[in-house]
Amino acid sequence: LLERTPAGGWADSKEATSDPLATVWMMESTEHPMGDVDGDGDLDLLLTGGYRPNDGTGSFPTFVAAWSSRPIATSDVDLDGDLDFAAQDDGPFPWVARLGVQGPTSFVESSLPIGASQLPFRARFLDLDQDGDDDLIVDGSALSSGADRLENQAGSFVPLPPLVVDVTPGPSLVATDFDGDGIRDLVGLRRVKPPTVSSVDALAGVVFLRGLSTPHTYATPEAYLVRDPHGLLDADGDGDVDVLAGRLIENLTKVEPTSGAVRQYGVGAAGSGGATPLLGAAGPVAPLSGSASLRLRRVLGGAPSGLLIGSQEVSVPGFPVPGVTLLVGGAPLTLVILPPVGTPGAPGDGALDVPFDVTPILAGARLFLQAFVQDAASPAGLVAASNGLEIRFGS
């Protein structure tokens with residue numbers, strides 16, 4: 001069990017289970033998913049044939065037999081409030097993709113309407129068409145042109161045409177509105193097909209599929225070459241997706257003229273426990289979008305904080321105190337006091353989302369922001385500071 005530290009890193013906490021079946025392999029397809037199987041509010045470990053319930057401390061001491069297949073992805077597919085899963089059968093290959101739906105007393109397993117495979121299945125539940133339930137992307141065949149898609153229709157899955165590009169449908173596949181136009185996009189790791197089914201798959205960078213207005217349709221794929229990519233996740237907690245690779249590639253710029261843009265810049269000053277406040281935003285930052293918000297993370301719990309707003313980017317070292325760099329300038333400067341959040345005195349525990357309305361008068365305007373936190377135990381001695389944030393409002 002690796003636990004998150006206030007400074008944004010990870011610490012080895014303890015052994016979660018000694019079960020030899022609970023292994024974590026380098027290939028995404030062989031990872032065991034986690035989910036709240038028993039509905040008690042914590043994450044359990046799903047294995048072949050059953051699950052290990054979390055005892056509430058992050059340990060999984062017992063095994064409960066509950067199904068026959070090997071779960072590979074979880075969701076509430078029928079929206080009844082409990083956990084269901086996609087799986088592959090546990091027999092000899094070619095393997096069959098299966099669906100496990102939790103009933104009042106047991107799980108009901110059935111085959112999914114896709115072909116059998118001689119490779120382990122990968123699967124990912126995502127609401128691709130924004131209708132409120134999770135659809136399914138599955139890839140188990142080394143010979144198919146792209147990942148298979150299944151649309152969730154009231155808990156039953158109906159095949160759709162495969163994606164035009166092959167992405168790995170594991171935990172790294174993300175569906176969200178990346179460009180701020182209100183339509184869900186897809187970004188994932190692109191998989192290069194090997195010449196034979198016995199070859200090992202090769203991951204060749206990141207692919208971005210821009211969603212179109214018709215559900216389940218996408219523009220021409222945009223590919224980005226990234227050395228040795230392993231995953232996509234919000235590594236720094238600021239609300240956008242970064243690339244986990246040989247190097248961590250942080251997503252700092254989002255450009256879309258009509259929907260506005262958000263850019264992080266500069267370096268903040270660490271607070272207690274080495275946690276540096278992080279300032280980000282979610283869009284679209286355009287008039288009447290209804291979903292714009294600021295996101296402040298890694299703040300000293302319970303500490304007073306404020307948001308400085310200006311009209312230009314600056315870099316003034318040693319201000320307002322030594323060890324801190326002022327990143328916002330221009331007239332007029334406005335200070336907005338923020339409410340204390342998090343457990344008082346806990347380093348990095350504070351997290352705050354601030355929704356805001358974009359009025360038409362802001363169309364095309366630019367603002368620059370930086371957060372400051374009162375933190376007597378910070379290396380600077382008085383305050384901790386975030387990075388700078390530029391917001392360019394759309395039209």
# chains A, B, ... in the order shown; residues from 1 in each chain; ligands from 1
>>> residues_around(residues="region 181-185 of chain A", least_positions_apart="6", cutoff="7 Å", atoms="only C-alpha atoms", output="number ranges by chain")
A: 128, 175, 209-213, 259, 284
>>> residues_around(residues="Ala73 (chain A)", least_positions_apart="3", cutoff="10 Å", atoms="only C-alpha atoms", output="list in words")
Ser29, Glu31, His32, Pro33, Met34, Gly35, Leu46, Arg70, Asp84, Phe85, Ala86, Ala87, Leu99, Arg122, Ala123, Arg124, Phe125, Leu136, Val138, Pro169, Gly170 and Pro171 of chain A
>>> select_by_dssp(residues="region 53-191 of chain A", states="strand (DSSP E)", output="ChimeraX atom specification")
/A:64-65,70-75,84-88,97-102,107-111,122-126,135-139,148-153,156-160,174-176,185-191
>>> residues_around(residues="Ile391 (chain A)", least_positions_apart="4", cutoff="12 Å", atoms="only C-alpha atoms", output="PyMOL selection string")
chain A and resi 252-257+259-265+279-286+292-294+309-313+358+362-370
>>> write_last_selection(atoms="N, CA and C atoms", output="short mmCIF file (atom, residue, chain, number, x, y, z; two decimals), in the first residue's frame")
data_model
loop_
_atom_site.label_atom_id
_atom_site.label_comp_id
_atom_site.auth_asym_id
_atom_site.auth_seq_id
_atom_site.Cartn_x
_atom_site.Cartn_y
_atom_site.Cartn_z
N LEU A 252 0.30 21.93 -19.04
CA LEU A 252 0.29 23.28 -18.51
C LEU A 252 -0.51 24.25 -19.37
N THR A 253 -0.74 23.93 -20.64
CA THR A 253 -1.37 24.88 -21.55
C THR A 253 -2.55 24.23 -22.25
N LYS A 254 -3.66 24.94 -22.31
CA LYS A 254 -4.83 24.47 -23.06
C LYS A 254 -5.31 25.64 -23.90
N VAL A 255 -5.28 25.50 -25.21
CA VAL A 255 -5.58 26.62 -26.10
C VAL A 255 -6.81 26.28 -26.93
N GLU A 256 -7.82 27.10 -26.84
CA GLU A 256 -9.03 26.95 -27.64
C GLU A 256 -9.69 28.33 -27.67
N PRO A 257 -9.56 29.09 -28.78
CA PRO A 257 -9.94 30.51 -28.78
C PRO A 257 -11.36 30.77 -28.27
N SER A 259 -13.30 28.90 -26.39
CA SER A 259 -13.58 28.39 -25.06
C SER A 259 -12.65 28.94 -24.01
N GLY A 260 -11.69 29.77 -24.41
CA GLY A 260 -10.74 30.31 -23.46
C GLY A 260 -9.56 29.38 -23.26
N ALA A 261 -8.61 29.81 -22.46
CA ALA A 261 -7.41 29.02 -22.22
C ALA A 261 -6.91 29.26 -20.81
N VAL A 262 -6.24 28.26 -20.28
CA VAL A 262 -5.66 28.32 -18.94
C VAL A 262 -4.19 27.94 -19.05
N ARG A 263 -3.31 28.72 -18.42
CA ARG A 263 -1.87 28.42 -18.47
C ARG A 263 -1.27 28.60 -17.08
N GLN A 264 -0.57 27.57 -16.61
CA GLN A 264 0.17 27.67 -15.36
C GLN A 264 1.60 28.10 -15.66
N TYR A 265 2.16 28.94 -14.81
CA TYR A 265 3.53 29.41 -15.05
C TYR A 265 4.21 29.68 -13.72
N LEU A 279 -2.11 25.92 -7.98
CA LEU A 279 -3.28 26.63 -8.46
C LEU A 279 -3.57 26.23 -9.91
N GLY A 280 -4.78 25.79 -10.18
CA GLY A 280 -5.21 25.42 -11.52
C GLY A 280 -6.64 25.88 -11.76
N ALA A 281 -7.19 25.52 -12.90
CA ALA A 281 -8.56 25.91 -13.23
C ALA A 281 -9.15 24.90 -14.18
N ALA A 282 -10.49 24.82 -14.18
CA ALA A 282 -11.22 23.97 -15.12
C ALA A 282 -12.14 24.86 -15.93
N GLY A 283 -12.35 24.50 -17.18
CA GLY A 283 -13.14 25.31 -18.08
C GLY A 283 -14.44 24.64 -18.49
N PRO A 284 -15.03 25.13 -19.58
CA PRO A 284 -14.57 26.25 -20.39
C PRO A 284 -14.61 27.58 -19.63
N VAL A 285 -13.59 28.42 -19.85
CA VAL A 285 -13.57 29.75 -19.25
C VAL A 285 -14.09 30.74 -20.29
N ALA A 286 -15.33 30.53 -20.64
CA ALA A 286 -16.00 31.34 -21.66
C ALA A 286 -17.32 31.83 -21.10
N ALA A 292 -16.93 26.86 -15.08
CA ALA A 292 -15.59 27.34 -14.78
C ALA A 292 -15.34 27.32 -13.28
N SER A 293 -14.13 26.93 -12.88
CA SER A 293 -13.80 26.92 -11.46
C SER A 293 -12.29 27.00 -11.28
N LEU A 294 -11.88 27.60 -10.18
CA LEU A 294 -10.47 27.60 -9.76
C LEU A 294 -10.25 26.41 -8.84
N ILE A 309 -5.00 38.86 -7.72
CA ILE A 309 -5.41 38.93 -9.12
C ILE A 309 -4.85 40.20 -9.75
N GLY A 310 -4.19 40.07 -10.88
CA GLY A 310 -3.62 41.21 -11.59
C GLY A 310 -3.84 41.13 -13.07
N SER A 311 -3.20 42.04 -13.79
CA SER A 311 -3.42 42.14 -15.24
C SER A 311 -2.21 41.74 -16.06
N GLN A 312 -1.12 41.31 -15.40
CA GLN A 312 0.06 40.91 -16.17
C GLN A 312 0.92 39.93 -15.38
N GLU A 313 1.74 39.19 -16.11
CA GLU A 313 2.68 38.25 -15.52
C GLU A 313 3.98 38.97 -15.16
N VAL A 358 -18.53 33.42 -15.66
CA VAL A 358 -17.84 34.24 -16.66
C VAL A 358 -18.89 35.12 -17.34
N LEU A 362 -16.26 39.85 -19.73
CA LEU A 362 -14.91 39.28 -19.63
C LEU A 362 -14.44 38.65 -20.94
N ALA A 363 -15.28 38.55 -21.95
CA ALA A 363 -14.90 37.89 -23.21
C ALA A 363 -13.62 38.51 -23.77
N GLY A 364 -12.63 37.65 -24.01
CA GLY A 364 -11.36 38.10 -24.57
C GLY A 364 -10.39 38.68 -23.57
N ALA A 365 -10.78 38.84 -22.30
CA ALA A 365 -9.89 39.44 -21.30
C ALA A 365 -8.88 38.42 -20.79
N ARG A 366 -7.82 38.94 -20.14
CA ARG A 366 -6.78 38.09 -19.55
C ARG A 366 -6.60 38.50 -18.09
N LEU A 367 -6.52 37.51 -17.21
CA LEU A 367 -6.24 37.75 -15.80
C LEU A 367 -5.10 36.84 -15.35
N PHE A 368 -4.35 37.31 -14.35
CA PHE A 368 -3.24 36.54 -13.80
C PHE A 368 -3.46 36.40 -12.30
N LEU A 369 -3.27 35.18 -11.78
CA LEU A 369 -3.61 34.90 -10.40
C LEU A 369 -2.48 34.15 -9.70
N GLN A 370 -2.36 34.36 -8.39
CA GLN A 370 -1.43 33.62 -7.55
C GLN A 370 -2.02 33.54 -6.15
#
>>> closest_residue(among="A:Gln102, A:Ser315, A:Ser68, A:Thr5", to="Val37 (chain A)", atoms="only C-alpha atoms")
A:Gln102
>>> closest_residue(among="A:Ala269, A:Ala384, A:Leu288, A:Leu333", to="Phe356 (chain A)", atoms="only C-alpha atoms")
A:Leu288
>>> atom_distance(atom1="CA of Leu352 (chain A)", atom2="CA of Ala11 (chain A)")
23.9 Å
>>> residues_around(residues="Phe63 (chain A)", least_positions_apart="2", cutoff="12 Å", atoms="only C-alpha atoms", output="PyMOL selection string")
chain A and resi 17-22+44-55+59-61+65-67
>>> write_last_selection(atoms="C-alpha atoms", output="PDB file, in the first residue's frame")
ATOM      1  CA  THR A  17      -2.122  -8.636   1.313  1.00  0.00           C
ATOM      2  CA  SER A  18       0.113 -11.683   0.942  1.00  0.00           C
ATOM      3  CA  ASP A  19      -2.291 -13.410  -1.485  1.00  0.00           C
ATOM      4  CA  PRO A  20      -0.134 -14.812  -4.343  1.00  0.00           C
ATOM      5  CA  LEU A  21      -2.997 -14.132  -6.787  1.00  0.00           C
ATOM      6  CA  ALA A  22      -2.986 -10.406  -5.981  1.00  0.00           C
ATOM      7  CA  ASP A  44     -11.990  -4.067  -2.107  1.00  0.00           C
ATOM      8  CA  LEU A  45      -9.612  -6.106  -4.288  1.00  0.00           C
ATOM      9  CA  LEU A  46     -11.225  -8.069  -7.146  1.00  0.00           C
ATOM     10  CA  LEU A  47      -9.458 -11.326  -8.068  1.00  0.00           C
ATOM     11  CA  THR A  48     -10.153 -14.400 -10.168  1.00  0.00           C
ATOM     12  CA  GLY A  49     -13.136 -16.197  -8.639  1.00  0.00           C
ATOM     13  CA  GLY A  50     -13.921 -13.628  -5.955  1.00  0.00           C
ATOM     14  CA  TYR A  51     -12.668 -10.683  -3.960  1.00  0.00           C
ATOM     15  CA  ARG A  52     -10.751  -9.693  -0.854  1.00  0.00           C
ATOM     16  CA  PRO A  53     -12.748  -7.190   1.226  1.00  0.00           C
ATOM     17  CA  ASN A  54     -10.930  -4.216   2.707  1.00  0.00           C
ATOM     18  CA  ASP A  55     -11.027  -4.436   6.509  1.00  0.00           C
ATOM     19  CA  SER A  59      -5.499  -4.624   4.480  1.00  0.00           C
ATOM     20  CA  PHE A  60      -7.281  -7.514   2.711  1.00  0.00           C
ATOM     21  CA  PRO A  61      -6.975 -10.560   4.988  1.00  0.00           C
ATOM     22  CA  ALA A  65     -15.739 -16.548  -3.536  1.00  0.00           C
ATOM     23  CA  ALA A  66     -18.287 -14.658  -5.653  1.00  0.00           C
ATOM     24  CA  TRP A  67     -17.806 -15.347  -9.406  1.00  0.00           C
TER      25      TRP A  67
END
>>> atom_distance(atom1="CA of Asp78 (chain A)", atom2="CA of Leu160 (chain A)")
18.8 Å
>>> closest_residue(among="A:Ser172, A:Ile361, A:Ser111, A:Asp353", to="Gly394 (chain A)", atoms="only C-alpha atoms")
A:Ile361
>>> atom_distance(atom1="CA of Asp349 (chain A)", atom2="CA of Val299 (chain A)")
6.0 Å
>>> closest_residue(among="A:Pro332, A:Pro320, A:Pro360, A:Gly9", to="Pro287 (chain A)", atoms="only C-alpha atoms")
A:Pro360
>>> residues_around(residues="Pro344 (chain A)", least_positions_apart="4", cutoff="9 Å", atoms="only C-alpha atoms", output="PDB file with C-alpha atoms, in the first residue's frame")
ATOM      1  CA  LEU A 300      -1.821  24.032   4.955  1.00  0.00           C
ATOM      2  CA  GLY A 301      -5.017  22.814   6.606  1.00  0.00           C
ATOM      3  CA  GLY A 302      -7.073  25.521   8.300  1.00  0.00           C
ATOM      4  CA  ALA A 303      -4.690  28.313   7.311  1.00  0.00           C
ATOM      5  CA  PRO A 340      -9.805  27.998   5.450  1.00  0.00           C
ATOM      6  CA  ASP A 349      -4.331  18.872   3.527  1.00  0.00           C
ATOM      7  CA  GLY A 350      -6.304  21.857   2.256  1.00  0.00           C
TER       8      GLY A 350
END
>>> residues_around(residues="Gly132 (chain A)", least_positions_apart="4", cutoff="12 Å", atoms="only C-alpha atoms", output="ChimeraX atom specification")
/A:76-79,126-128,151-155
>>> closest_residue(among="A:Ala147, A:Leu338, A:Leu244, A:Val373", to="Ser386 (chain A)", atoms="only C-alpha atoms")
A:Val373
